[in-house]
Structure formats: structure tokens, C-alpha cells
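Undergrad: query.cif (mmCIF, C-alpha atoms (C1' of nucleotides)) pasted underneath:
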```cif
data_query
loop_
_atom_site.label_atom_id
_atom_site.label_comp_id
_atom_site.auth_asym_id
_atom_site.auth_seq_id
_atom_site.Cartn_x
_atom_site.Cartn_y
_atom_site.Cartn_z
CA MET A 1 0.00 0.00 0.00
CA ASP A 2 2.40 2.67 -1.21
CA GLU A 3 1.42 6.06 -2.51
CA VAL A 4 0.64 4.74 -5.99
CA ASP A 5 -1.89 2.32 -4.52
CA SER A 6 -3.40 5.14 -2.49
CA ALA A 7 -3.72 7.24 -5.58
CA ILE A 8 -5.42 4.41 -7.47
CA VAL A 9 -7.90 3.93 -4.66
CA HIS A 10 -8.49 7.63 -4.41
CA HIS A 11 -9.21 8.10 -8.09
CA LEU A 12 -11.49 5.09 -8.22
CA GLN A 13 -13.44 6.40 -5.26
CA LEU A 14 -14.08 9.57 -7.20
CA ASP A 15 -14.89 7.77 -10.43
CA GLY A 16 -15.39 4.04 -10.34
CA ARG A 17 -15.50 3.78 -14.11
CA LEU A 18 -12.27 5.53 -14.79
CA SER A 19 -10.56 3.52 -17.52
CA ASN A 20 -7.35 1.75 -16.73
CA ARG A 21 -5.54 3.77 -19.35
CA ALA A 22 -6.75 7.09 -18.06
CA LEU A 23 -5.86 6.07 -14.54
CA ALA A 24 -2.38 4.98 -15.60
CA GLU A 25 -1.85 8.26 -17.34
CA LYS A 26 -2.92 10.27 -14.30
CA LEU A 27 -0.39 8.38 -12.22
CA GLY A 28 2.38 8.42 -14.79
CA ILE A 29 2.73 4.65 -14.97
CA ALA A 30 2.22 2.09 -17.74
CA PRO A 31 -1.29 0.72 -18.25
CA SER A 32 -0.09 -2.82 -17.68
CA THR A 33 1.45 -1.84 -14.38
CA CYS A 34 -1.65 0.02 -13.37
CA LEU A 35 -3.82 -2.95 -14.22
CA GLU A 36 -1.72 -5.26 -12.11
CA ARG A 37 -1.77 -2.87 -9.18
CA THR A 38 -5.49 -2.51 -9.36
CA ARG A 39 -5.94 -6.27 -9.50
CA LEU A 40 -3.91 -6.67 -6.37
CA LEU A 41 -6.02 -4.07 -4.63
CA HIS A 42 -9.05 -6.18 -5.46
CA ARG A 43 -7.41 -9.40 -4.42
CA ARG A 44 -6.35 -7.94 -1.10
CA GLY A 45 -9.89 -6.79 -0.45
CA ILE A 46 -8.92 -3.14 -0.34
CA ILE A 47 -11.20 -2.34 -3.24
CA GLN A 48 -14.34 -4.29 -2.46
CA GLY A 49 -16.37 -3.51 -5.53
CA TYR A 50 -18.06 -0.83 -7.55
CA ARG A 51 -21.53 0.60 -7.38
CA ALA A 52 -23.55 2.95 -9.47
CA GLN A 53 -24.96 5.78 -7.42
CA VAL A 54 -28.59 6.22 -8.21
CA SER A 55 -30.87 9.13 -7.46
CA LEU A 56 -33.38 8.02 -4.84
CA ARG A 57 -35.73 10.61 -6.23
CA ALA A 58 -35.53 9.08 -9.68
CA LEU A 59 -36.26 5.69 -8.18
CA ASN A 60 -39.40 7.12 -6.67
CA ARG A 61 -38.05 6.91 -3.14
CA PRO A 62 -37.83 10.55 -2.11
CA VAL A 63 -38.61 10.02 1.56
CA GLN A 64 -35.80 8.95 3.86
CA ALA A 65 -35.79 8.25 7.56
CA MET A 66 -33.51 7.00 10.28
CA VAL A 67 -35.01 4.48 12.66
CA ALA A 68 -33.26 4.19 16.02
CA THR A 69 -34.08 0.72 17.21
CA GLN A 70 -33.68 -1.31 20.39
CA ILE A 71 -33.96 -5.09 20.46
CA ARG A 72 -33.89 -7.65 23.27
CA PRO A 73 -32.36 -9.98 24.12
CA LEU A 74 -29.01 -8.70 22.86
CA ARG A 75 -27.82 -12.17 22.12
CA ARG A 76 -25.47 -12.84 19.25
CA GLU A 77 -27.99 -14.84 17.21
CA VAL A 78 -30.74 -12.31 17.71
CA VAL A 79 -28.52 -9.43 16.68
CA ALA A 80 -27.19 -11.24 13.64
CA ALA A 81 -30.65 -12.31 12.52
CA PHE A 82 -31.97 -8.79 12.87
CA GLU A 83 -29.11 -7.30 10.90
CA LYS A 84 -29.38 -9.83 8.16
CA SER A 85 -33.09 -9.73 7.57
CA VAL A 86 -33.38 -5.96 7.84
CA THR A 87 -30.48 -5.31 5.47
CA GLN A 88 -32.21 -7.30 2.80
CA LEU A 89 -35.45 -5.36 2.84
CA PRO A 90 -35.60 -3.25 -0.29
CA GLU A 91 -36.55 -0.11 1.65
CA VAL A 92 -33.43 -0.37 3.80
CA VAL A 93 -30.31 1.40 2.61
CA SER A 94 -28.06 0.52 5.50
CA VAL A 95 -27.93 -0.61 9.09
CA TYR A 96 -25.57 0.78 11.70
CA THR A 97 -24.99 -1.45 14.70
CA MET A 98 -24.28 0.87 17.59
CA ALA A 99 -22.93 1.18 21.06
CA GLY A 100 -25.08 3.28 23.37
CA SER A 101 -28.74 3.36 24.14
CA ASP A 102 -29.88 2.59 20.61
CA ASP A 103 -28.82 -0.77 19.30
CA PHE A 104 -29.24 0.08 15.62
CA LEU A 105 -29.79 2.95 13.28
CA VAL A 106 -31.69 1.80 10.22
CA HIS A 107 -31.66 4.08 7.20
CA VAL A 108 -34.83 3.54 5.18
CA THR A 109 -36.32 5.00 2.02
CA ALA A 110 -39.89 5.14 0.83
CA GLN A 111 -42.11 6.50 -1.86
CA ASP A 112 -43.93 8.77 0.56
CA ILE A 113 -44.86 9.12 4.19
CA ASP A 114 -47.70 6.63 3.90
CA HIS A 115 -45.41 3.95 2.58
CA LEU A 116 -42.90 4.72 5.28
CA HIS A 117 -45.57 4.28 7.89
CA ALA A 118 -46.76 1.06 6.33
CA PHE A 119 -43.21 -0.23 6.19
CA LEU A 120 -42.66 0.44 9.87
CA LEU A 121 -45.95 -1.17 10.83
CA ASP A 122 -45.13 -4.22 8.75
CA HIS A 123 -41.50 -4.72 9.69
CA PHE A 124 -40.88 -3.05 13.02
CA THR A 125 -44.09 -3.07 15.01
CA GLU A 126 -44.46 -6.73 14.12
CA ARG A 127 -41.15 -8.09 15.27
CA ARG A 128 -41.01 -9.63 18.69
CA GLU A 129 -37.41 -8.73 19.45
CA ILE A 130 -37.89 -5.01 18.80
CA ILE A 131 -38.75 -3.38 22.09
CA SER A 132 -38.77 0.19 20.81
CA PHE A 133 -38.00 2.35 17.81
CA ARG A 134 -37.96 6.06 17.10
CA THR A 135 -38.25 7.34 13.55
CA SER A 136 -36.71 10.60 12.38
CA ILE A 137 -37.18 12.03 8.91
CA ILE A 138 -34.00 12.79 6.96
CA TYR A 139 -34.21 16.07 5.08
CA GLN A 140 -30.96 15.57 3.24
CA HIS A 141 -28.14 13.06 3.03
CA LEU A 142 -24.78 14.39 1.93
CA THR A 143 -21.80 12.21 1.22
CA ASN A 144 -18.15 13.01 1.19
CA PRO A 145 -17.13 12.74 -2.44
CA VAL A 146 -13.68 11.49 -1.63
CA LEU A 147 -13.75 9.73 1.66
CA GLY A 148 -10.55 11.53 2.22
CA PRO A 149 -7.09 11.64 0.77
CA LEU A 150 -6.59 9.95 4.15
CA PRO A 151 -5.91 12.21 7.10
CA PRO A 152 -2.24 13.21 7.18
CA THR A 153 -1.27 10.79 9.91
CA ALA A 154 -3.20 7.75 8.76
CA ASP A 155 -1.29 7.14 5.55
CA GLN A 156 1.64 4.82 4.99
CA ARG A 157 1.95 1.15 5.77
CA THR A 158 1.40 -2.18 3.99
CA MET B 1 -38.00 4.58 -17.13
CA ASP B 2 -39.38 1.29 -18.37
CA GLU B 3 -38.40 -2.11 -17.07
CA VAL B 4 -35.27 -2.26 -19.22
CA ASP B 5 -34.00 0.94 -17.64
CA SER B 6 -34.80 -0.42 -14.21
CA ALA B 7 -32.85 -3.55 -14.98
CA ILE B 8 -29.86 -1.53 -16.16
CA VAL B 9 -29.89 0.52 -12.99
CA HIS B 10 -30.28 -2.56 -10.88
CA HIS B 11 -27.37 -4.39 -12.45
CA LEU B 12 -25.11 -1.38 -12.24
CA GLN B 13 -25.94 -0.95 -8.58
CA LEU B 14 -24.74 -4.48 -8.01
CA ASP B 15 -21.65 -4.09 -10.17
CA GLY B 16 -20.71 -0.65 -11.35
CA ARG B 17 -18.03 -1.96 -13.66
CA LEU B 18 -20.20 -4.40 -15.54
CA SER B 19 -19.24 -4.05 -19.18
CA ASN B 20 -21.77 -2.71 -21.60
CA ARG B 21 -21.67 -5.93 -23.59
CA ALA B 22 -22.23 -8.11 -20.58
CA LEU B 23 -25.06 -5.90 -19.46
CA ALA B 24 -26.65 -5.99 -22.91
CA GLU B 25 -26.43 -9.74 -22.94
CA LYS B 26 -28.06 -10.06 -19.54
CA LEU B 27 -30.97 -7.95 -20.76
CA GLY B 28 -31.23 -9.57 -24.17
CA ILE B 29 -30.70 -6.35 -26.12
CA ALA B 30 -28.01 -5.15 -28.53
CA PRO B 31 -24.91 -3.50 -27.05
CA SER B 32 -25.54 -0.34 -29.01
CA THR B 33 -29.04 -0.10 -27.62
CA CYS B 34 -27.81 -0.78 -24.14
CA LEU B 35 -25.17 1.90 -24.43
CA GLU B 36 -27.69 4.48 -25.55
CA ARG B 37 -30.05 3.58 -22.72
CA THR B 38 -27.31 3.84 -20.17
CA ARG B 39 -26.25 7.20 -21.53
CA LEU B 40 -29.73 8.53 -21.18
CA LEU B 41 -29.86 7.32 -17.59
CA HIS B 42 -26.75 9.37 -16.94
CA ARG B 43 -28.03 12.40 -18.78
CA ARG B 44 -31.30 12.32 -16.87
CA GLY B 45 -29.42 12.19 -13.60
CA ILE B 46 -30.82 8.81 -12.65
CA ILE B 47 -27.37 7.29 -12.54
CA GLN B 48 -25.31 9.90 -10.76
CA GLY B 49 -21.91 8.28 -10.93
CA TYR B 50 -19.82 5.33 -9.89
CA ARG B 51 -17.69 4.75 -6.85
CA ALA B 52 -15.24 2.13 -5.77
CA GLN B 53 -16.10 0.72 -2.39
CA VAL B 54 -13.05 0.64 -0.23
CA SER B 55 -12.42 -1.22 2.97
CA LEU B 56 -12.18 1.31 5.79
CA ARG B 57 -10.02 -1.16 7.62
CA ALA B 58 -7.57 -1.30 4.76
CA LEU B 59 -7.46 2.48 4.73
CA ASN B 60 -6.48 2.42 8.36
CA ARG B 61 -9.77 3.85 9.50
CA PRO B 62 -11.28 0.99 11.50
CA VAL B 63 -13.10 3.14 14.05
CA GLN B 64 -16.48 4.57 13.10
CA ALA B 65 -18.86 6.73 15.05
CA MET B 66 -22.11 8.60 14.64
CA VAL B 67 -22.19 12.09 16.07
CA ALA B 68 -25.67 13.45 16.81
CA THR B 69 -25.29 17.19 16.64
CA GLN B 70 -27.37 20.24 17.47
CA ILE B 71 -26.57 23.68 16.13
CA ARG B 72 -28.08 27.14 16.73
CA PRO B 73 -29.33 29.31 15.26
CA LEU B 74 -31.09 27.05 12.75
CA ARG B 75 -30.84 29.62 10.05
CA ARG B 76 -30.47 28.63 6.44
CA GLU B 77 -26.93 29.99 6.07
CA VAL B 78 -25.74 28.44 9.28
CA VAL B 79 -27.15 25.04 8.35
CA ALA B 80 -25.71 25.15 4.84
CA ALA B 81 -22.30 26.25 6.06
CA PHE B 82 -22.20 23.48 8.63
CA GLU B 83 -23.19 20.83 6.10
CA LYS B 84 -20.69 22.01 3.56
CA SER B 85 -17.66 22.31 5.77
CA VAL B 86 -18.29 19.12 7.68
CA THR B 87 -18.88 17.05 4.56
CA GLN B 88 -15.48 18.01 3.28
CA LEU B 89 -13.53 16.86 6.29
CA PRO B 90 -11.68 13.68 5.37
CA GLU B 91 -12.86 11.87 8.49
CA VAL B 92 -16.50 12.45 7.59
CA VAL B 93 -18.24 9.83 5.49
CA SER B 94 -21.66 11.43 5.36
CA VAL B 95 -23.98 13.90 6.99
CA TYR B 96 -27.67 13.34 7.56
CA THR B 97 -29.72 16.48 8.08
CA MET B 98 -32.59 15.50 10.32
CA ALA B 99 -35.95 16.43 11.66
CA GLY B 100 -36.35 15.88 15.38
CA SER B 101 -34.27 16.79 18.36
CA ASP B 102 -30.92 16.20 16.66
CA ASP B 103 -30.20 18.46 13.73
CA PHE B 104 -27.56 16.25 12.15
CA LEU B 105 -26.08 12.80 12.28
CA VAL B 106 -22.46 12.89 11.22
CA HIS B 107 -20.85 9.59 10.30
CA VAL B 108 -17.13 9.78 11.00
CA THR B 109 -14.17 7.41 10.69
CA ALA B 110 -10.83 7.42 12.44
CA GLN B 111 -7.66 5.48 12.86
CA ASP B 112 -8.40 4.78 16.50
CA ILE B 113 -10.23 6.15 19.50
CA ASP B 114 -7.57 8.75 20.19
CA HIS B 115 -7.85 10.18 16.73
CA LEU B 116 -11.62 10.18 17.00
CA HIS B 117 -11.38 12.13 20.22
CA ALA B 118 -8.92 14.58 18.72
CA PHE B 119 -11.14 15.03 15.70
CA LEU B 120 -14.13 15.89 17.87
CA LEU B 121 -12.14 18.29 20.00
CA ASP B 122 -10.80 20.01 16.91
CA HIS B 123 -13.94 20.20 14.82
CA PHE B 124 -16.92 19.98 17.14
CA THR B 125 -15.97 21.40 20.52
CA GLU B 126 -14.47 24.35 18.70
CA ARG B 127 -17.37 25.47 16.59
CA ARG B 128 -19.52 28.25 17.95
CA GLU B 129 -22.77 27.13 16.34
CA ILE B 130 -22.63 23.63 17.80
CA ILE B 131 -24.54 23.68 21.07
CA SER B 132 -24.27 19.97 21.78
CA PHE B 133 -23.18 16.67 20.34
CA ARG B 134 -23.37 13.05 21.41
CA THR B 135 -21.00 10.48 19.99
CA SER B 136 -21.85 6.80 19.58
CA ILE B 137 -19.44 4.18 18.38
CA ILE B 138 -20.52 2.13 15.38
CA TYR B 139 -19.68 -1.53 15.72
CA GLN B 140 -20.69 -2.43 12.21
CA HIS B 141 -22.12 -0.78 9.14
CA LEU B 142 -24.01 -3.02 6.76
CA THR B 143 -25.29 -1.87 3.41
CA ASN B 144 -28.03 -3.25 1.26
CA PRO B 145 -26.27 -4.75 -1.75
CA VAL B 146 -29.07 -3.87 -4.11
CA LEU B 147 -30.97 -0.94 -2.79
CA GLY B 148 -33.93 -2.87 -3.88
CA PRO B 149 -35.45 -4.20 -7.06
CA LEU B 150 -37.82 -1.39 -6.08
CA PRO B 151 -40.67 -2.32 -3.81
CA PRO B 152 -43.52 -3.77 -5.85
CA THR B 153 -45.63 -0.62 -5.80
CA ALA B 154 -42.94 1.95 -6.44
CA ASP B 155 -42.06 0.90 -9.95
CA GLN B 156 -43.31 2.31 -13.24
CA ARG B 157 -43.36 5.86 -14.46
CA THR B 158 -40.96 8.09 -16.47
"C1'" DG C 1 -57.78 2.79 -44.69
"C1'" DT C 2 -53.50 4.51 -46.28
"C1'" DG C 3 -49.38 7.00 -46.51
"C1'" DA C 4 -45.90 9.89 -44.16
"C1'" DT C 5 -43.26 10.57 -40.12
"C1'" DC C 6 -40.82 9.58 -35.99
"C1'" DC C 7 -38.42 6.82 -32.74
"C1'" DG C 8 -35.92 3.25 -30.97
"C1'" DC C 9 -33.48 -0.85 -31.98
"C1'" DC C 10 -30.13 -3.37 -34.46
"C1'" DG C 11 -25.57 -4.99 -36.33
"C1'" DA C 12 -21.40 -4.11 -39.00
"C1'" DA C 13 -17.40 -1.18 -38.97
"C1'" DT C 14 -14.21 1.55 -36.52
"C1'" DT C 15 -11.92 3.31 -32.65
"C1'" DT C 16 -10.35 2.63 -28.16
"C1'" DA C 17 -9.39 -0.08 -24.09
"C1'" DA C 18 -8.17 -4.38 -21.52
"C1'" DT C 19 -5.16 -8.05 -21.09
"C1'" DT C 20 -1.12 -10.98 -21.86
"C1'" DC C 21 3.57 -11.89 -21.82
"C1'" DG C 22 8.55 -11.73 -22.66
"C1'" DG C 23 12.32 -8.98 -21.34
"C1'" DC C 24 14.86 -5.46 -18.72
"C1'" DG C 25 16.72 -3.05 -14.66
"C1'" DC C 26 17.28 -2.57 -9.91
"C1'" DG C 27 17.82 -3.97 -5.31
"C1'" DT C 28 18.88 -7.92 -2.22
"C1'" DT C 29 21.17 -11.90 -0.95
"C1'" DC C 30 24.73 -14.95 -0.38
"C1'" DG D 1 30.50 -9.83 -7.52
"C1'" DA D 2 27.20 -13.00 -9.37
"C1'" DA D 3 22.60 -14.94 -9.01
"C1'" DC D 4 18.05 -14.24 -7.90
"C1'" DG D 5 13.54 -12.11 -7.44
"C1'" DC D 6 10.35 -8.54 -8.18
"C1'" DG D 7 8.03 -5.04 -10.38
"C1'" DC D 8 7.75 -2.22 -14.30
"C1'" DC D 9 7.47 -1.62 -19.15
"C1'" DG D 10 5.73 -1.80 -24.05
"C1'" DA D 11 4.37 -4.43 -28.12
"C1'" DA D 12 0.97 -7.71 -29.59
"C1'" DT D 13 -3.42 -9.69 -29.08
"C1'" DT D 14 -8.01 -9.94 -27.60
"C1'" DA D 15 -12.16 -7.69 -26.25
"C1'" DA D 16 -15.00 -3.73 -25.48
"C1'" DA D 17 -16.89 0.90 -26.51
"C1'" DT D 18 -18.69 3.78 -29.82
"C1'" DT D 19 -20.54 5.32 -34.28
"C1'" DC D 20 -23.73 5.29 -37.81
"C1'" DG D 21 -26.77 3.93 -41.62
"C1'" DG D 22 -30.81 1.43 -42.17
"C1'" DC D 23 -34.93 -1.24 -40.78
"C1'" DG D 24 -39.33 -1.86 -38.68
"C1'" DG D 25 -43.40 -0.63 -35.82
"C1'" DA D 26 -46.24 2.71 -33.91
"C1'" DT D 27 -48.58 7.10 -34.44
"C1'" DC D 28 -50.94 10.65 -36.70
"C1'" DA D 29 -53.16 13.24 -40.47
"C1'" DC D 30 -55.97 13.06 -44.05
#
```
Written as C-alpha cells, that's how I'd like the structure from this file.

TA:
Amino acid sequence: MDEVDSAIVHHLQLDGRLSNRALAEKLGIAPSTCLERTRLLHRRGIIQGYRAQVSLRALNRPVQAMVATQIRPLRREVVAAFEKSVTQLPEVVSVYTMAGSDDFLVHVTAQDIDHLHAFLLDHFTERREIISFRTSIIYQHLTNPVLGPLPPTADQRT
Amino acid sequence: MDEVDSAIVHHLQLDGRLSNRALAEKLGIAPSTCLERTRLLHRRGIIQGYRAQVSLRALNRPVQAMVATQIRPLRREVVAAFEKSVTQLPEVVSVYTMAGSDDFLVHVTAQDIDHLHAFLLDHFTERREIISFRTSIIYQHLTNPVLGPLPPTADQRT
DNA sequence: GTGATCCGCCGAATTTAATTCGGCGCGTTC
DNA sequence: GAACGCGCCGAATTAAATTCGGCGGATCAC
């Protein structure tokens, strides 16, 4: 993980479809070298994959909410089962498993408020292990375009 | 936005580097057609871009936290300035602007607990407009691999 | 009902990119 | 100081992206 690898990662975070040639040129290395480097980054699990970013509005899912959830008992199987099943619901964007008074934050999307309500009634009110949940509407979700050229100290190494 | 477009979006969400040919084959259409469709999805803003997904661990950022933040006054300029500056910090993954008692949830990453603490002291304790913040460690962050083949009702239309 | 028009899809041709692979240079080892 | 290993390079090959002319099928006017 030298600075060339960091640069590859960084550029691909900004544009996941950057061509290998263009990337090589930006870095001043040969395309074949760049390709091999990038392959290794995949193999090592540093680059985990690529995703298209899609407008939730265009997908007819303009309403977003965060659902702070508590479950009991907090046993390993119960936690894992909750995470797994919830992550797979199409309305769920992501699940944060947390320390603190809330066990999870579940980021959900819906067509409108009615569908959000219906979703919660169907999938949260129903579940036995959920002992409480609080829903907060998300007005806006901004994402860091870069995820950092790594903070100055955190660089170097393997 | 017919079912072919939906399928394109869906496949590219799963694998943002799927080749145009492979995609066309999956859908049973000609590559040239597929290319034109995909271009239109970009032009219409439905596909907003592509990103490599990178292991935070590999980037030496294994610690994650959610910072529930309140600012005052809740004036448009103050809110916008907070969102903008915070989003650009390299430790910040994303910012949720919320309804409810917390104004924002800020998802941050750090090398370790010490760096997290330093980050908060430097960027949260300092700021005048921040009247309170609560930090919760994130044990795990799971993401829906698909973001849904759209819930049955939410489909069709432009 | 019929003809003109428009739109999207197709496939061949061309341009561009990905991938492979043999060889070279440098740093390390013994 | 010679042998080895590793990573980089660039030419050659394979595959993909892109362009573009033409072919329906649907729509609309008359």
C-alpha cells in the first residue's frame, strides 16, 4: 500500500468507471502496471467492488428516515438475525450497529410518508425482538465525495 | 424509465463496472441499444456516478462513530455552512440532516479512539454554532447490496 | 384505410481499451 | 561480484466501446 496504490484507490473512489488507461496516465505509470496494481487491490480486499450511485428521487423513493431501534435480548444470534433480515429489505439502505442506548440505526427510504408508515408497521411493530424504535425524517443526506485523501497521519503502511 | 431501464440501474448498482456488452447480454438487447439507454440514464441524472467501495479497515480507519449534533441558530446559512464544511472533512463519510431533536447525524471514521477524540475536539468542541453533540461508536455498518429491485408498488413511471 | 413521419433498436465497422507476456533493470542476498 | 527475485514496461493480441446507416413498428393526419 504505497502512494501509488493510495492514488489508485483515491481516483477510483471519485470515479469508479475511470478507464485503466486514463488512470495509468494520471499516475504516470504504464497501463499494464496500473492494471496489475489494481488487480492486487481487489485481491487484497482493499477495493471491495463498484456501485452505481442512483438518485433516490428518480427511483421514486424521495422520503428517507432514520429508525433508532432497540432489540432484546441482545444475544449474538438475535442481533445477527436482525441485521441480516433488515439489510435485505428493499426499503433499507443501510444498518448501523451501535454502542449506546440505541442498538441500531436503520436508514430507510420510501415512496412517501404513507409507505414509510406502512413499512414500519409491517416490519418493526411486528417483530417480537424489537422493544422500541424512534423514527426521524431525513431532510438531506450528503456524502463526502472522496472519503478523504486519508488524514495526514493515517497514511503509509502495507 | 421502463423495465429495461430499471434492470440496467439494478445491475449497475450491483456491479458498477459491468461491461456494456455483458449488461446488454443479460438484458437480451443489442450493445448499441444498451449503451444508448445507459447514456440517457446518466443524462437524466438517474445514474449519478460510480464509486469504488473501499475497505475502511484497509485504509487504516477501522473506528467509526455517529455524532448526533445540534446547532443554533437554525438559520439557512448556518445550516448550509455546517453541512458544507463538515462534509469536506476527510474523516466524515456522510452527513444526515434531520428532523427531530438532533439536527444532524455525522458519520465519521478514524484510525483509533484517540484520533476520534482529537477530531471531535478540533472540529466539534471548537465550533460556535454547535450547542451539543453526542458520539456513539458504530460496531458495524451493513449496506443493502441492491438498494432494492424497487418495492412492488414503487415501480413504473418516467 | 392509407401513406408519411418519428423513434428506438439493431448490427457491421471503426476506434479505443483491456489483457497478456517476454524482457529489462534494480535492489537484495549470499 | 554473481545470481536471484520482483516489479515495471511496451508491443501484440483480444475484447469492449462507440458510431452510424438502415430497418421496422407505432402514431398521426388526411

Undergrad: Just checking: using only C-alpha atoms (C1' of nucleotides), which residue out of C:DT19, C:DC10, C:DA4, C:DC26 ends up closest to chain B?

TA: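 Ranked by minimum distance to chain B, first place goes to C:DC10.
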
Undergrad: Please indicate the distance in Å from CA of Pro31 in chain B to C1' of DT5 in chain C, rounded to one decimal place.

TA: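 Separating CA of Pro31 in chain B from C1' of DT5 in chain C is a distance of 26.6 Å.
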
Undergrad: So what does the PyMOL selection byres ((chain D) within 9 of (chain B)) actually pick up in this one, as a ChimeraX atom specification?

TA: /D:16-18

Undergrad: Which residues of chain C have any atom within 10 Å of an atom in chain A when counting all atoms listed in the file, and what is the closest pair of atoms for each, with the distance in Å to one decimal? Order the rows by chain and rising number and write it as JSON lines.

TA:
```
{"residue": "C:DA17", "atom": "C1'", "partner": "A:Arg21", "partner_atom": "CA", "distance": 7.2}
{"residue": "C:DA18", "atom": "C1'", "partner": "A:Asn20", "partner_atom": "CA", "distance": 7.8}
{"residue": "C:DT19", "atom": "C1'", "partner": "A:Ser32", "partner_atom": "CA", "distance": 8.0}
{"residue": "C:DT20", "atom": "C1'", "partner": "A:Ser32", "partner_atom": "CA", "distance": 9.2}
```

Undergrad: Counting all atoms listed in the file, give me one row per residue of chain B with an atom at most 6 Å from an atom of chain A, showing the shortest contact pair and its distance in Å to one decimal, sorted by chain then residue number, as a Markdown table.

TA:
```
| residue | atom | partner | partner_atom | distance |
| --- | --- | --- | --- | --- |
| B:Leu12 | CA | A:Ala52 | CA | 5.4 |
| B:Gln13 | CA | A:Ala52 | CA | 4.7 |
| B:Asp15 | CA | A:Arg51 | CA | 5.5 |
| B:Gly16 | CA | A:Arg51 | CA | 4.2 |
| B:Ile46 | CA | A:Ser55 | CA | 5.2 |
| B:Ile47 | CA | A:Val54 | CA | 4.6 |
| B:Gln48 | CA | A:Gln53 | CA | 5.3 |
| B:Gly49 | CA | A:Gln53 | CA | 5.3 |
| B:Tyr50 | CA | A:Ala52 | CA | 4.4 |
| B:Arg51 | CA | A:Gly16 | CA | 4.2 |
| B:Ala52 | CA | A:Tyr50 | CA | 4.5 |
| B:Gln53 | CA | A:Gly49 | CA | 5.3 |
| B:Val54 | CA | A:Ile47 | CA | 4.6 |
| B:Ser55 | CA | A:Ile46 | CA | 5.2 |
| B:Ala58 | CA | A:Ile46 | CA | 5.6 |
| B:Thr87 | CA | A:Asn144 | CA | 5.3 |
| B:Pro90 | CA | A:Gly148 | CA | 4.0 |
| B:Val93 | CA | A:Asn144 | CA | 5.3 |
| B:Ser94 | CA | A:Thr143 | CA | 4.2 |
| B:Val95 | CA | A:Leu142 | CA | 5.1 |
| B:Tyr96 | CA | A:His141 | CA | 4.6 |
| B:Thr97 | CA | A:Gln140 | CA | 5.1 |
| B:Met98 | CA | A:Ile138 | CA | 4.5 |
| B:Ala99 | CA | A:Ile137 | CA | 5.3 |
| B:Ser136 | CA | A:Ala99 | CA | 5.9 |
| B:Ile137 | CA | A:Ala99 | CA | 5.3 |
| B:Ile138 | CA | A:Met98 | CA | 4.5 |
| B:Tyr139 | CA | A:Thr97 | CA | 5.4 |
| B:Gln140 | CA | A:Thr97 | CA | 5.1 |
| B:His141 | CA | A:Tyr96 | CA | 4.6 |
| B:Leu142 | CA | A:Val95 | CA | 5.2 |
| B:Thr143 | CA | A:Ser94 | CA | 4.2 |
| B:Asn144 | CA | A:Thr87 | CA | 5.3 |
| B:Leu147 | CA | A:Pro90 | CA | 5.7 |
| B:Gly148 | CA | A:Pro90 | CA | 4.0 |
```

Undergrad: C1' of DC4 in chain D to C1' of DC30 in chain C: how many Å, to one decimal?

TA: 10.1 Å

Undergrad: Write range 7-18 of chain A as a PDB file, in the frame of the given file, completed to N, CA, C and O atoms.

TA:
```pdb
ATOM      1  N   ALA A   7      -3.202   6.390  -4.515  1.00  0.00           N
ATOM      2  CA  ALA A   7      -3.720   7.240  -5.580  1.00  0.00           C
ATOM      3  C   ALA A   7      -4.741   6.491  -6.427  1.00  0.00           C
ATOM      4  O   ALA A   7      -5.774   7.046  -6.825  1.00  0.00           O
ATOM      5  N   ILE A   8      -4.468   5.210  -6.701  1.00  0.00           N
ATOM      6  CA  ILE A   8      -5.420   4.410  -7.470  1.00  0.00           C
ATOM      7  C   ILE A   8      -6.757   4.368  -6.735  1.00  0.00           C
ATOM      8  O   ILE A   8      -7.820   4.649  -7.294  1.00  0.00           O
ATOM      9  N   VAL A   9      -6.685   4.019  -5.469  1.00  0.00           N
ATOM     10  CA  VAL A   9      -7.900   3.930  -4.660  1.00  0.00           C
ATOM     11  C   VAL A   9      -8.647   5.260  -4.673  1.00  0.00           C
ATOM     12  O   VAL A   9      -9.856   5.321  -4.889  1.00  0.00           O
ATOM     13  N   HIS A  10      -7.893   6.311  -4.475  1.00  0.00           N
ATOM     14  CA  HIS A  10      -8.490   7.630  -4.410  1.00  0.00           C
ATOM     15  C   HIS A  10      -9.221   7.995  -5.700  1.00  0.00           C
ATOM     16  O   HIS A  10     -10.373   8.428  -5.690  1.00  0.00           O
ATOM     17  N   HIS A  11      -8.563   7.762  -6.818  1.00  0.00           N
ATOM     18  CA  HIS A  11      -9.210   8.100  -8.090  1.00  0.00           C
ATOM     19  C   HIS A  11     -10.428   7.232  -8.350  1.00  0.00           C
ATOM     20  O   HIS A  11     -11.427   7.704  -8.887  1.00  0.00           O
ATOM     21  N   LEU A  12     -10.346   5.967  -7.966  1.00  0.00           N
ATOM     22  CA  LEU A  12     -11.490   5.090  -8.220  1.00  0.00           C
ATOM     23  C   LEU A  12     -12.652   5.378  -7.269  1.00  0.00           C
ATOM     24  O   LEU A  12     -13.803   5.071  -7.573  1.00  0.00           O
ATOM     25  N   GLN A  13     -12.344   5.973  -6.129  1.00  0.00           N
ATOM     26  CA  GLN A  13     -13.440   6.400  -5.260  1.00  0.00           C
ATOM     27  C   GLN A  13     -14.191   7.555  -5.888  1.00  0.00           C
ATOM     28  O   GLN A  13     -15.410   7.664  -5.789  1.00  0.00           O
ATOM     29  N   LEU A  14     -13.438   8.424  -6.544  1.00  0.00           N
ATOM     30  CA  LEU A  14     -14.080   9.570  -7.200  1.00  0.00           C
ATOM     31  C   LEU A  14     -14.839   9.145  -8.446  1.00  0.00           C
ATOM     32  O   LEU A  14     -15.897   9.660  -8.737  1.00  0.00           O
ATOM     33  N   ASP A  15     -14.244   8.234  -9.202  1.00  0.00           N
ATOM     34  CA  ASP A  15     -14.890   7.770 -10.430  1.00  0.00           C
ATOM     35  C   ASP A  15     -14.595   6.304 -10.651  1.00  0.00           C
ATOM     36  O   ASP A  15     -13.542   5.942 -11.149  1.00  0.00           O
ATOM     37  N   GLY A  16     -15.553   5.491 -10.301  1.00  0.00           N
ATOM     38  CA  GLY A  16     -15.390   4.040 -10.340  1.00  0.00           C
ATOM     39  C   GLY A  16     -15.282   3.476 -11.744  1.00  0.00           C
ATOM     40  O   GLY A  16     -14.908   2.324 -11.915  1.00  0.00           O
ATOM     41  N   ARG A  17     -15.597   4.281 -12.741  1.00  0.00           N
ATOM     42  CA  ARG A  17     -15.500   3.780 -14.110  1.00  0.00           C
ATOM     43  C   ARG A  17     -14.344   4.368 -14.874  1.00  0.00           C
ATOM     44  O   ARG A  17     -14.248   4.214 -16.096  1.00  0.00           O
ATOM     45  N   LEU A  18     -13.469   5.026 -14.161  1.00  0.00           N
ATOM     46  CA  LEU A  18     -12.270   5.530 -14.790  1.00  0.00           C
ATOM     47  C   LEU A  18     -11.584   4.379 -15.531  1.00  0.00           C
ATOM     48  O   LEU A  18     -11.410   3.307 -14.971  1.00  0.00           O
TER      49      LEU A  18
END
```
